Amino acid sequence: MTDKITGDMPKAYDPHSVEAPIYQMWMDKGHFKPVLNPDRDPFCIIMPPPNVTGELHLGHALTVTIEDALIRWHRMLGDPTLWVPGVDHAGIATQNVVEKELAKEGMSRHDLGRSEFEARVWKWVGQIRSRISIQHMRLGASADWDREVFTLDDGPQLAVRETFVRLYNDGLVYRGERIINWCPRCQTALSDLEVDHVETQGSLWYVRYPLLDEAGNPTGEYVVVATTRPETIVGDTGVAVNPDDDRWKAFIGRTALLPVIEHHIPIVADEAVETEFGTGAVKVTPGHDPTDFDIGARHGLPVIVAMDSEAKMNEHAGPLAGLDRMEARKTIVADLERLGLLEKRVDHTHSIGHCSRCDTVVEPIASTQWFVRTEPLARPAIEAVKDGRIEIIPRRFERVYMHWMENIRDWCISRQLWWGHRIPVWYCGDCAELTAAVVDPTECPKCGSAQLEQDPDVLDTWFSSGLWPFSTLGWPDDTESLRTFYPTSVLETGYDILFFWVARMIMLGMYVTGEVPFRHVYLHGLIRDAKGQKMTKSRGNVVDPLDITEKYGTDAARFTFATGGGPGNDFRLFDEKLESSRNFANKLWNASRFVIQSIGDENVALPQVEAGAPDWPLEDRWIVSRSHAVAREVNQLLADFQINETCRVLYDFIWNEYCDWYLEMAKVRLREGDRSPLPVLAHVLQTSLRLLHPLMPFVTETIWQHLRDHVDGLDEALITARFPLGEGEADVEAEEQIGALMDVVRAVRNIRAERGVDPVRYVEAYVVADGVRHTIENGRQIVEALARVRPLHVIADTRDAPSTQVAAAVLAQTQVVVPLAGLIDVDGERDKLTKQLNEAKAEVSRLQGKLADEQFRSKAPENVIAKEEEKLSAARSRVAGLEGRLTELI
RNA sequence: GGGCGGUUAGCUCAGCGGAAGAGCGCUUCGUUCACACCGAAGAGGUCGCAGGUUCAAAUCCUGCACCGCCCACCA
């Protein structure tokens with residue numbers, strides 16, 4: 001297996017028998033490092049096998065496909081400057097892996113203990129990262145990096161601590177009481193991004209708060225507030241009105257009696273209150289609403305948190321204590337009604353936050369947490385995109401990014417989760433001093449006490465992910481990798497984590513390193529199921545990419561993903577698409593088999609394309625010219641990140657032009673024992689393989705290894721071959737002439753099919769050719785073979801062709817006449833020709849009108865006018881030809 | 001409430017200023033030695049609606065209608 005994939009090529013392409021040996025070969029040759037499952041590692045180096053992640057999403061598969069394609073392309077160009085930071089998200093996935101592992105042993109993470117669990121997770125993180133990213137990035141690079149990778153166990157933690165401490169020392173991380181989103185089920189704080197807002201039909205209750213006089217007795221007056229959350233009344237510490245609201249002006253400074261719980265609360269004036277909404281008076285609940293928290297802070301109102309961590313009303317909730325938030329609502333509404341303080345209830349839709357992980361309704365709650373002060377970090381991050389140091393593809397997402405960055409709010413980074421990066425802060429048990437440190441301190445720097453307690457909270461997983469581009473390169477150490485590969489080139493990911501991950505990487509990257517973490521951000525769309533729905537566990541419509549590779553092969557999966565959606569566009573995954581890609585691989589396989597079998601044991605050498613071309617047969621010149629054009633186009637498309645178009649162009653070229661036309665044309669000479677097409681067949685095939693390799697690495701490499709046995713001058717491995725640049729000159733003449741021949745072939749085939757000519761039978765045919773007569777003469781054998789014509793008469797004048805019992809086609813440059821005694825229905829023929837004549841006449845008058853238009857003549861560019869004139873003359877000759885045919889019809 | 005995307009052949013989607021494309025499906029034919037995971041020939045679209053810009057619009061602009069996302073502290 002070290003030198004070639006031996007044995008005959010089976011009739012059908014079988015990914016299972018092909019991928020593993022190729023994979024093995026690459027590994028043996030040191031093109032990349034081993035992974036745990038070399039037999040069926042579906043995405044070569046980068047896609048971690050199932051027993052490593054346990055969680056492999058189609059999103060990863062898509063990311064990896066595009067990253068890998070771009071990297072392979074650049075490597076083949078011999079340009080070592082493309083560096084892709086790679087797929088993240090070892091974090092969450094890894095926890096799941098370890099938990100599943102433990103479950104097999106009948107244990108839970110709690111049995112293992114925190115530090116032991118953490119150690120095991122880190123072990124996996126190191127391994128996964130080494131597989132999906134670093135290794136990927138270093139594909140084909142020299143070998144000193146294993147050590148680096150496998151010391152990553154500690155690396156990321158060090159990077160996280162270092163970053164946190166720097167931010168803390170710069171005053172960009174702080175601890176404080178703010179309203180955060182609390183998930184009562186997960187028992188943790190969440191960032192704003194981890195909350196999904198859902199429009200919900202709810203109610204707006206209008207509640208009367210009795211006013212008190214200075215002695216504290218009710219005056220009979222009321223202030224009416226509107227609320228969607230009456231249960232939070234027990235946490236109210238004020239009522240706010242707009243200072244300019246005439247309805248309430250007189251009430252400012254007075255005291256209201258809070259219903260049910262009977263607290264005395266002040267009425268304050270605050271600009272934040274909208275006069276249009278509700279009654280214009282707002283109950284202020286600083287403990288349970290972010291706006292109210294701010295209003296309360298401005299007016300010195302106390303903060304009452306009336307719920308516990310499970311969102312049950314607590315001891316501050318008076319008569320509601322102990323009730324769940326929903327029960328509390330019913331209870332208090334009933335109470336208000338009984339007290340005659342409920343003025344009315346109206347329907348009201350508003351959005352309610354849900355935990356993005358478990359979908360529980362989150363509770364905004366005042367809590368002491370750690371925050372990142374984001375505004376100073378956002379400023380350079382905005383600049384970097386604005387001035388083009390970072391380009392987001394597609395461009396429209398730059399606006400989305402800007403909008404978010406410009407309205408960014410402080411980021412709550414502490415989580416009360418069980419596992420994660422611990423916040424590197426210690427509290428002194430004796431003097432309460434707070435110490436942020438990279439290395440665990442042994443004594444309080446202030447009082448020297450050893451009574452230190454580390455903050456029990458962990459960091460938001462996106463905090464560490466935000467360091468990915470440099471933490472994986474060994475930062476904070478000054479490593480060779482960091483100097484070489486940072487800033488990286490392209491970050492590829494789904495648009496759904498633009499804020500979560502990309503924005504944070506840019507902010508933290510620029511803060512820590514002073515440089516952008518990457519130059520381009522390529523955002524792909526989301527893969528949806530066949531019905532267009534998002535794939536989610538709860539819907540049960542999640543597709544495992546490994547199942548796909550198992551069924552259709554890795555190349556088919558990759559090609560489908562790559563073709564799937566343009567940048568930033570979602571696409572639906574259908575079995576039909578996968579089948580189509582698989583069929584394409586098979587098509588390539590069989591065309592290659594044909595070439596290899598035709599070459600046989602007598603090896604051929606690759607032709608000197610540039611030197612020999614003009615003397616070659618027309619079809620050889622044509623296909624070589626086309627292959628150059630395709631190579632140029634592919635390079636341009638890849639440079640523009642138009643991966644899906646790249647796939648399309650290659651698919652069309654290989655299937656339609658190479659297989660359907662050129663191969664069939666080449667057979668004509670091959671059947672006569674002429675081996676002259678073989679070098680060209682081999683040349684265009686190997687060019688196609690190189691072009692396709694980034695997208696379908698396995699099948700192309702396998703074919704390459706077979707081809708190498710028969711063609712001299714091919715590189716040892718396709719994975720290290722050069723990428724075609726399409727530097728050969730375009731052969732316009734050959735392309736035009738082949739076009740004319742194809743037209744003739746198609747016309748005869750069409751006539752045959754329409755007349756029901758026996759497919760085996762040869763027919764006589766006349767081609768009336770004027771300008772292209774020489775071309776048709778040259779291509780006689782091709783036309784005769786591909787259209788089953790014998791003999792083909794190339795004539796100058798229509799009158800030299802038979803006129804009775806013939807079927808005819810009038811083409812742009814030629815007329816095709818096929819005598820078919822007994823198969824011709826004169827009336828039918830006349831109808832057909834008449835219809836075509838009418839169409840051609842309409843075309844002529846349309847073009848005449850257009851060309852007669854002064855405006856068009858004076859304003860349209862010359863080449864367009866010339867093109868239109870050409871069209872007109874073609875249409876005219878078509879009209880003349882058709883008229884001629886009609887008069888010939890008996 | 002803002003913003004973005006979609007609306008093109010029966011289905012899924014490309015194309016995004018110069019004569020409507022692909023895959024699948026459909027119809028008719030075909031097992032001549034690369035491939036039935038195939039070949040040949042075909043049918044099938046006034047490119048959501050209404051205006052506008054332009055010599056020229058599926059393609060640019062405006063408005064509208066559905067569908068889908070994202071963002072937003074009007075209680």
# chains A, B, ... in the order shown; residues from 1 in each chain; ligands from 1
call {"tool": "interface_residues", "arguments": {"of": "chain B", "to": "chain A", "cutoff": "9 Å", "atoms": "only C-alpha atoms (C1' of nucleotides)", "output": "VMD selection string"}}
result
chain B and resid 3 to 5 12 to 14 18 to 19 22 to 24 28 to 30 32 34 to 35 37 to 42 55 to 56 70 to 71 73 to 75
call {"tool": "atom_distance", "arguments": {"atom1": "CA of Leu467 (chain A)", "atom2": "CA of Leu167 (chain A)"}}
result
13.0 Å
call {"tool": "select_by_dssp", "arguments": {"residues": "region 558-714 of chain A", "states": "strand (DSSP E or B)", "output": "list in words"}}
result
Phe571, Arg572, Val604, Ala605, Val711 and Asp712 of chain A
call {"tool": "residues_around", "arguments": {"residues": "region 618-626 of chain A", "least_positions_apart": "2", "cutoff": "7 Å", "atoms": "only C-alpha atoms (C1' of nucleotides)", "output": "ChimeraX atom specification"}}
result
/A:613,616,628-630,662,680,684,729-731,734-735,738
call {"tool": "write_last_selection", "arguments": {"atoms": "C-alpha atoms", "output": "JSON list (two decimals), in the first residue's frame"}}
result
[["chain", "number", "residue", "atom", "x", "y", "z"],
["A", 613, "ALA", "CA", -1.50, 22.03, -29.79],
["A", 616, "TRP", "CA", -3.45, 18.38, -33.20],
["A", 628, "HIS", "CA", -7.35, 25.51, -19.36],
["A", 629, "ALA", "CA", -10.40, 27.72, -19.27],
["A", 630, "VAL", "CA", -11.90, 25.60, -16.51],
["A", 662, "TYR", "CA", -14.49, 14.21, -25.81],
["A", 680, "VAL", "CA", -4.58, 13.97, -24.43],
["A", 684, "VAL", "CA", -7.08, 16.23, -19.40],
["A", 729, "GLU", "CA", -3.83, 29.78, -24.39],
["A", 730, "ALA", "CA", -7.44, 29.58, -25.36],
["A", 731, "ASP", "CA", -8.02, 28.00, -28.78],
["A", 734, "ALA", "CA", -11.17, 24.92, -32.08],
["A", 735, "GLU", "CA", -13.94, 25.77, -29.63],
["A", 738, "ILE", "CA", -16.29, 21.82, -32.33]]
call {"tool": "residues_around", "arguments": {"residues": "region 706-710 of chain A", "least_positions_apart": "5", "cutoff": "9 Å", "atoms": "only C-alpha atoms (C1' of nucleotides)", "output": "ChimeraX atom specification"}}
result
/A:4-9,592-593,595-596,599-605,682,686,701,715-717
call {"tool": "select_by_dssp", "arguments": {"residues": "region 438-553 of chain A", "states": "helix (DSSP H, G or I)", "output": "PyMOL selection string"}}
result
chain A and resi 461-465+468-471+480-485+495-513+545-552
call {"tool": "atom_distance", "arguments": {"atom1": "CA of Phe470 (chain A)", "atom2": "CA of Leu482 (chain A)"}}
result
6.7 Å
call {"tool": "atom_distance", "arguments": {"atom1": "CA of Leu714 (chain A)", "atom2": "CA of Pro607 (chain A)"}}
result
11.9 Å
call {"tool": "decode", "arguments": {"residues": "region 24-73 of chain B", "atoms": "C-alpha atoms (C1' of nucleotides)", "output": "compact mmCIF listing (two decimals), in the first residue's frame"}}
result
# COMPACT_ATOMS: atom_id res chain seq x y z
C1' C B 24 -33.86 14.91 -9.35
C1' G B 25 -38.63 13.65 -11.34
C1' C B 26 -41.44 13.02 -16.11
C1' U B 27 -42.00 11.18 -21.70
C1' U B 28 -39.76 8.24 -25.85
C1' C B 29 -35.81 5.17 -27.30
C1' G B 30 -31.34 2.24 -26.14
C1' U B 31 -27.74 -3.85 -22.35
C1' U B 32 -22.21 -1.68 -29.88
C1' C B 33 -16.74 -3.88 -24.99
C1' A B 34 -15.84 3.21 -19.35
C1' C B 35 -20.15 3.75 -16.70
C1' A B 36 -27.96 1.43 -16.14
C1' C B 37 -24.65 4.99 -9.95
C1' C B 38 -25.37 4.79 -17.83
C1' G B 39 -26.30 6.92 -22.92
C1' A B 40 -29.45 9.60 -26.71
C1' A B 41 -33.62 12.62 -27.76
C1' G B 42 -37.58 15.45 -25.64
C1' A B 43 -41.66 17.90 -22.80
C1' G B 44 -41.81 21.63 -19.08
C1' G B 45 -40.72 28.72 -16.81
C1' U B 46 -44.64 35.83 -19.47
C1' C B 47 -37.78 34.31 -13.42
C1' G B 48 -43.94 36.63 -6.65
C1' C B 49 -46.99 41.44 -7.91
C1' A B 50 -46.90 46.79 -9.36
C1' G B 51 -44.14 50.84 -10.77
C1' G B 52 -39.32 53.04 -12.18
C1' U B 53 -33.99 53.50 -14.15
C1' U B 54 -31.60 51.78 -18.88
C1' C B 55 -30.64 51.25 -25.84
C1' A B 56 -31.25 46.58 -22.92
C1' A B 57 -33.73 44.09 -16.54
C1' A B 58 -34.74 37.31 -13.79
C1' U B 59 -30.45 40.47 -12.90
C1' C B 60 -30.32 47.64 -10.61
C1' C B 61 -33.99 51.12 -7.75
C1' U B 62 -38.92 51.95 -5.13
C1' G B 63 -43.34 50.06 -3.15
C1' C B 64 -46.43 45.75 -2.01
C1' A B 65 -47.59 40.61 -0.88
C1' C B 66 -46.53 36.11 1.19
C1' C B 67 -42.38 32.65 3.55
C1' G B 68 -38.02 32.26 6.68
C1' C B 69 -34.20 34.08 9.77
C1' C B 70 -31.59 37.64 13.06
C1' C B 71 -31.50 41.68 16.41
C1' A B 72 -34.37 44.81 20.17
C1' C B 73 -34.96 46.41 28.23
